[in-house]
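Colleague: The structure follows.
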Amino acid sequence: MNKLRKVQRTPTGTFFVCLPRSWAEKNGLKKGMQVALDEASDSRLFIDAKFDAEHLPKVAILVPGPFLSREIVGRYLLGFDVVLVEAKERVDFDVRNIVKQTVGSLVGLEIVEESSSQMVLQCLLAPSSFSPETLLLRNFAIVCGMSRDAVGSLVDGDLQLAKNVVARGAESDRQYLLLVRVLHIMSQDSALSQKLGLTPVECLDYRLVASLVEAVGDASGQLAAGTLELNGVKLSEELKSSLVGLEEVCSEACDNALKAFVGKDVALAESVRGLRGKVDAGSMNVEKAARNQNVEVMMQILAAAASLKRVYNLGVDLADLVM
């Protein structure tokens with residue numbers, strides 16, 4: 001609950017406000033000690049009584065179990081600096097492999113120490129080194145490339161390109177998890193939030209946009225997986241042209257949506273909904289051309305069209321956040 005204090009002024013013109021006694025005593029303040037003042041962009045003033053205190057790492061201790069990988073990821077997302085995996089007797093071979101695989105899926109997390117009964121994991125990246133906008137744009141670039149190449153692998157029957165798209169999904173996941181970690185730490189650290197230029201509410205928006213971008217990558221990965229099932233089947237020129245055209249308009253919608261979100265451009269965000277007519281027409285063209293294929297191929301083509309429409313709908317959801 002907010003505690004109101006009356007603003008006072010000295011004869012020399014200095015303004016001052018008395019600090020709550022309970023807060024001062026709780027933080028060990030005494031006469032003559034210094035506190036740090038940080039002015040937020042919305043005119044709020046933050047008072048930090050422990051600005052010069054040494055940062056103590058957040059440490060989590062985990063016991064090997066069936067959900068160890070998920071627990072490590074969870075502690076990573078919550079902003080823990082160190083994760084200790086400890087066993088009563090020894091950490092067996094299978095557990096070590098699980099830990100190593102999990103560490104490989106998380107940006108900045110490293111195994112810094114091992115013994116027979118313990119593994120020490122530490123995140124070596126400082127959250128202040130990463131701008132949420134930069135991380136978001138980086139992951140968006142990855143998933144856009146995945147979408148384009150997923151359709152390219154389908155129309156050209158390029159199985160190696162399809163495998164490459166599926167593999168890139170892992171890197172997209174890594175970038176997404178790093179962004180979630182940074183946003184979570186920012187939501188608890190007002191100084192860091194101010195330094196990186198996002199309010200707590202904006203952090204929530206970025207978290208939602210990050211999940212939408214991640215979903216675009218998932219849809220592209222599913223499309224590429226369908227290409228692998230077709231095993232390089234040849235498509236008609238009409239079908240190829242229809243698929244490429246649909247992908248282009250869906251990608252345009254997502255690209256405009258993200259630009260609108262970052263730039264707070266309402267007009268550009270509204271234009272995303274205006275592309276629905278092109279998306280529906282493109283989808284109908286794909287369905288029409290797919291009728292000339294055998295049943296197995298037709299089902300995969302329709303699934304590909306559905307994945308692309310999902311990409312468009314995710315773009316609409318993203319654009320709605322600008323409103």
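Within each chain, counting starts at residue 1; across the structure tokens, chains are named A, B, ... in the order shown, with ligands numbered 1 upward in that order.
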Which polymer residues have any atom within 8 Å of an atom of A:Met323, counting only C-alpha atoms, with same-chain residues fewer than 4 positions away left out, as a ChimeraX atom specification?
Modeller: /A:266,269,319
Colleague: Keeping only C-alpha atoms, take the residues you just selected and write them out as a PDB file, in the first residue's frame.
Modeller:
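Wrote result30.pdb, looks like this:
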```pdb
ATOM      1  CA  VAL A 266      -0.877   1.735 -35.136  1.00  0.00           C
ATOM      2  CA  ALA A 269      -0.505  -2.756 -37.282  1.00  0.00           C
ATOM      3  CA  ALA A 319      -0.410  -6.589 -34.324  1.00  0.00           C
TER       4      ALA A 319
END
```
Colleague: When you look at stretch 279-296 of chain A with a cut-off of 12 Å (counting only C-alpha atoms), what residues show up, excluding the ones that are within fewer than 6 positions of it in the same chain? I need them as an MDAnalysis selection string.
Modeller: chainID A and resid 155 226:227 229:231 233:253 272:273 302:313 315:316
Colleague: Generate the output file for the selected residues, N, CA and C atoms, as a compact mmCIF listing (two decimals), in the first residue's frame.
Modeller:
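Once written, again08.txt looks like this:
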```
# COMPACT_ATOMS: atom_id res chain seq x y z
N VAL A 155 8.56 -26.84 -52.21
CA VAL A 155 8.33 -26.67 -53.65
C VAL A 155 9.47 -27.25 -54.48
N GLY A 226 6.70 -31.97 -42.60
CA GLY A 226 5.80 -32.53 -43.60
C GLY A 226 6.50 -32.75 -44.93
N THR A 227 7.45 -31.84 -45.26
CA THR A 227 8.23 -32.00 -46.49
C THR A 227 9.06 -33.28 -46.44
N GLU A 229 8.32 -35.96 -44.89
CA GLU A 229 7.43 -37.11 -45.07
C GLU A 229 7.11 -37.34 -46.54
N LEU A 230 7.07 -36.26 -47.34
CA LEU A 230 6.79 -36.41 -48.77
C LEU A 230 8.00 -36.97 -49.53
N ASN A 231 9.17 -36.89 -48.89
CA ASN A 231 10.38 -37.51 -49.44
C ASN A 231 10.72 -37.01 -50.86
N VAL A 233 8.84 -35.41 -53.23
CA VAL A 233 7.87 -35.53 -54.32
C VAL A 233 7.84 -34.26 -55.17
N LYS A 234 7.64 -34.39 -56.47
CA LYS A 234 7.61 -33.25 -57.38
C LYS A 234 6.21 -32.64 -57.42
N LEU A 235 6.14 -31.32 -57.33
CA LEU A 235 4.86 -30.61 -57.36
C LEU A 235 4.71 -29.90 -58.70
N SER A 236 3.45 -29.62 -59.06
CA SER A 236 3.18 -28.89 -60.29
C SER A 236 3.63 -27.44 -60.14
N GLU A 237 3.88 -26.79 -61.26
CA GLU A 237 4.30 -25.39 -61.24
C GLU A 237 3.23 -24.50 -60.63
N GLU A 238 1.97 -24.84 -60.92
CA GLU A 238 0.86 -24.07 -60.35
C GLU A 238 0.86 -24.15 -58.83
N LEU A 239 1.10 -25.33 -58.32
CA LEU A 239 1.10 -25.53 -56.87
C LEU A 239 2.30 -24.82 -56.23
N LYS A 240 3.44 -24.93 -56.89
CA LYS A 240 4.63 -24.24 -56.38
C LYS A 240 4.38 -22.74 -56.27
N SER A 241 3.85 -22.16 -57.34
CA SER A 241 3.60 -20.72 -57.38
C SER A 241 2.60 -20.31 -56.30
N SER A 242 1.57 -21.13 -56.09
CA SER A 242 0.54 -20.82 -55.09
C SER A 242 1.12 -20.85 -53.67
N LEU A 243 1.96 -21.84 -53.39
CA LEU A 243 2.56 -21.96 -52.06
C LEU A 243 3.51 -20.79 -51.78
N VAL A 244 4.33 -20.45 -52.76
CA VAL A 244 5.27 -19.34 -52.58
C VAL A 244 4.51 -18.02 -52.37
N GLY A 245 3.44 -17.83 -53.14
CA GLY A 245 2.65 -16.62 -52.99
C GLY A 245 2.00 -16.51 -51.63
N LEU A 246 1.48 -17.62 -51.12
CA LEU A 246 0.84 -17.63 -49.80
C LEU A 246 1.88 -17.34 -48.71
N GLU A 247 3.06 -17.95 -48.83
CA GLU A 247 4.10 -17.74 -47.83
C GLU A 247 4.53 -16.28 -47.79
N GLU A 248 4.64 -15.66 -48.96
CA GLU A 248 5.09 -14.27 -49.03
C GLU A 248 4.13 -13.32 -48.33
N VAL A 249 2.84 -13.50 -48.54
CA VAL A 249 1.88 -12.59 -47.92
C VAL A 249 1.80 -12.83 -46.41
N CYS A 250 1.92 -14.09 -45.98
CA CYS A 250 1.89 -14.39 -44.54
C CYS A 250 3.12 -13.83 -43.85
N SER A 251 4.28 -13.95 -44.50
CA SER A 251 5.51 -13.40 -43.93
C SER A 251 5.46 -11.88 -43.90
N GLU A 252 4.86 -11.28 -44.94
CA GLU A 252 4.71 -9.82 -44.96
C GLU A 252 3.87 -9.35 -43.78
N ALA A 253 2.82 -10.10 -43.48
CA ALA A 253 1.95 -9.74 -42.36
C ALA A 253 2.72 -9.78 -41.04
N VAL A 272 -2.14 -5.09 -41.13
CA VAL A 272 -1.97 -6.55 -41.08
C VAL A 272 -3.31 -7.24 -41.28
N ARG A 273 -4.34 -6.72 -40.65
CA ARG A 273 -5.68 -7.30 -40.84
C ARG A 273 -6.16 -7.12 -42.28
N LEU A 302 -2.27 -29.43 -47.90
CA LEU A 302 -3.30 -28.73 -47.12
C LEU A 302 -2.79 -28.41 -45.72
N ALA A 303 -2.00 -29.33 -45.16
CA ALA A 303 -1.41 -29.08 -43.83
C ALA A 303 -0.42 -27.92 -43.91
N ALA A 304 0.33 -27.86 -45.03
CA ALA A 304 1.27 -26.75 -45.21
C ALA A 304 0.54 -25.42 -45.31
N ALA A 305 -0.57 -25.41 -46.05
CA ALA A 305 -1.37 -24.19 -46.16
C ALA A 305 -1.92 -23.76 -44.80
N ALA A 306 -2.33 -24.76 -44.01
CA ALA A 306 -2.85 -24.46 -42.67
C ALA A 306 -1.75 -23.86 -41.79
N SER A 307 -0.53 -24.38 -41.92
CA SER A 307 0.59 -23.85 -41.14
C SER A 307 0.87 -22.40 -41.52
N LEU A 308 0.81 -22.10 -42.81
CA LEU A 308 1.05 -20.73 -43.27
C LEU A 308 -0.05 -19.78 -42.79
N LYS A 309 -1.29 -20.24 -42.81
CA LYS A 309 -2.39 -19.41 -42.30
C LYS A 309 -2.24 -19.17 -40.80
N ARG A 310 -1.69 -20.17 -40.12
CA ARG A 310 -1.44 -20.00 -38.69
C ARG A 310 -0.39 -18.91 -38.48
N VAL A 311 0.63 -18.87 -39.34
CA VAL A 311 1.64 -17.82 -39.27
C VAL A 311 0.98 -16.46 -39.42
N TYR A 312 0.06 -16.35 -40.37
CA TYR A 312 -0.65 -15.08 -40.55
C TYR A 312 -1.46 -14.71 -39.31
N ASN A 313 -2.19 -15.67 -38.77
CA ASN A 313 -3.01 -15.39 -37.58
C ASN A 313 -2.16 -14.98 -36.39
N GLY A 315 0.56 -13.34 -36.69
CA GLY A 315 0.89 -11.95 -37.00
C GLY A 315 -0.22 -11.00 -36.60
N VAL A 316 -1.47 -11.41 -36.82
CA VAL A 316 -2.61 -10.60 -36.40
C VAL A 316 -2.62 -10.42 -34.89
```
Colleague: Enumerate, as a VMD selection string, the complete set of residues in stretch 4-196 of chain A that a backbone-based DSSP assignment places in strand (DSSP E).
Modeller: chain A and resid 8 to 9 15 to 16 36 to 39 45 to 48 59 to 62 82 to 86 109 to 114 118 to 123
Colleague: Taking 5 positions as the minimum chain separation for residues in the same chain, which residues sit within 8 Å of A:Ser187 when counting only C-alpha atoms? Answer as a list in words.
Modeller: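 In the requested format, the answer is Ser193, Pro200 and Cys203 of chain A.
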Colleague: For A:Ala150, work out the shell of residues within 7 Å, counting only C-alpha atoms and skipping chain neighbours fewer than 4 positions away, then give it as number ranges by chain.
Modeller: A: 146, 154, 162, 165, 220, 223-224
Colleague: Save the residues we just selected, N, CA and C atoms, as an mmCIF file, in the first residue's frame?
Modeller:
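What landed in result13.cif:
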```cif
data_model
loop_
_atom_site.group_PDB
_atom_site.id
_atom_site.type_symbol
_atom_site.label_atom_id
_atom_site.label_comp_id
_atom_site.auth_asym_id
_atom_site.auth_seq_id
_atom_site.Cartn_x
_atom_site.Cartn_y
_atom_site.Cartn_z
ATOM 1 N N MET A 146 13.248 -19.484 -41.435
ATOM 2 C CA MET A 146 12.696 -20.836 -41.369
ATOM 3 C C MET A 146 11.434 -20.957 -42.215
ATOM 4 N N LEU A 154 9.779 -27.407 -49.692
ATOM 5 C CA LEU A 154 8.596 -28.137 -50.156
ATOM 6 C C LEU A 154 8.443 -28.041 -51.673
ATOM 7 N N ALA A 162 14.999 -28.920 -45.774
ATOM 8 C CA ALA A 162 13.952 -29.187 -44.777
ATOM 9 C C ALA A 162 14.568 -29.599 -43.444
ATOM 10 N N VAL A 165 15.915 -26.583 -41.709
ATOM 11 C CA VAL A 165 14.863 -25.789 -41.065
ATOM 12 C C VAL A 165 14.508 -26.377 -39.703
ATOM 13 N N SER A 220 6.690 -23.283 -38.800
ATOM 14 C CA SER A 220 7.622 -23.503 -39.909
ATOM 15 C C SER A 220 8.304 -24.854 -39.780
ATOM 16 N N LEU A 223 5.951 -27.495 -40.940
ATOM 17 C CA LEU A 223 5.857 -27.513 -42.403
ATOM 18 C C LEU A 223 7.045 -28.267 -42.998
ATOM 19 N N ALA A 224 8.234 -28.011 -42.449
ATOM 20 C CA ALA A 224 9.435 -28.697 -42.941
ATOM 21 C C ALA A 224 9.369 -30.193 -42.646
#
```
Colleague: Against stretch 169-177 of chain A, which residues of stretch 194-303 of chain A fall within 12 Å? For each one I want the closest pair of atoms and the distance in Å (one decimal), counting only C-alpha atoms, rows by chain and increasing residue number, as a tab-separated table.
Modeller:
```
residue	atom	partner	partner_atom	distance
A:Tyr206	CA	A:Tyr176	CA	10.9
A:Arg207	CA	A:Tyr176	CA	9.3
A:Leu208	CA	A:Tyr176	CA	11.0
A:Val209	CA	A:Tyr176	CA	10.3
A:Ala210	CA	A:Tyr176	CA	6.5
A:Ser211	CA	A:Tyr176	CA	7.6
A:Leu212	CA	A:Tyr176	CA	10.2
A:Val213	CA	A:Tyr176	CA	8.5
A:Glu214	CA	A:Tyr176	CA	6.7
A:Ala215	CA	A:Asp173	CA	10.0
A:Val216	CA	A:Ser172	CA	10.1
A:Gly217	CA	A:Gly169	CA	6.4
A:Asp218	CA	A:Gly169	CA	7.1
A:Ala219	CA	A:Gly169	CA	10.0
A:Ser220	CA	A:Gly169	CA	8.6
A:Gly221	CA	A:Gly169	CA	6.5
A:Gln222	CA	A:Gly169	CA	10.0
A:Leu223	CA	A:Gly169	CA	11.8
A:Ala224	CA	A:Gly169	CA	10.5
A:Ala225	CA	A:Gly169	CA	11.3
```
Colleague: Hey, can you spit out that residue selection with C-alpha atoms as a tab-separated table (two decimals), in the first residue's frame?
Modeller:
```tsv
chain	number	residue	atom	x	y	z
A	206	TYR	CA	7.48	-8.47	-24.92
A	207	ARG	CA	6.96	-11.81	-23.19
A	208	LEU	CA	3.76	-12.36	-25.16
A	209	VAL	CA	5.32	-11.25	-28.46
A	210	ALA	CA	8.25	-13.58	-27.82
A	211	SER	CA	5.85	-16.52	-27.48
A	212	LEU	CA	4.07	-15.54	-30.72
A	213	VAL	CA	7.38	-15.36	-32.60
A	214	GLU	CA	8.34	-18.73	-31.15
A	215	ALA	CA	5.03	-20.16	-32.39
A	216	VAL	CA	5.84	-18.93	-35.93
A	217	GLY	CA	9.05	-20.96	-35.72
A	218	ASP	CA	7.10	-24.01	-34.54
A	219	ALA	CA	4.69	-23.71	-37.49
A	220	SER	CA	7.62	-23.50	-39.91
A	221	GLY	CA	9.25	-26.53	-38.32
A	222	GLN	CA	6.03	-28.51	-38.73
A	223	LEU	CA	5.86	-27.51	-42.40
A	224	ALA	CA	9.44	-28.70	-42.94
A	225	ALA	CA	8.69	-31.97	-41.15
```
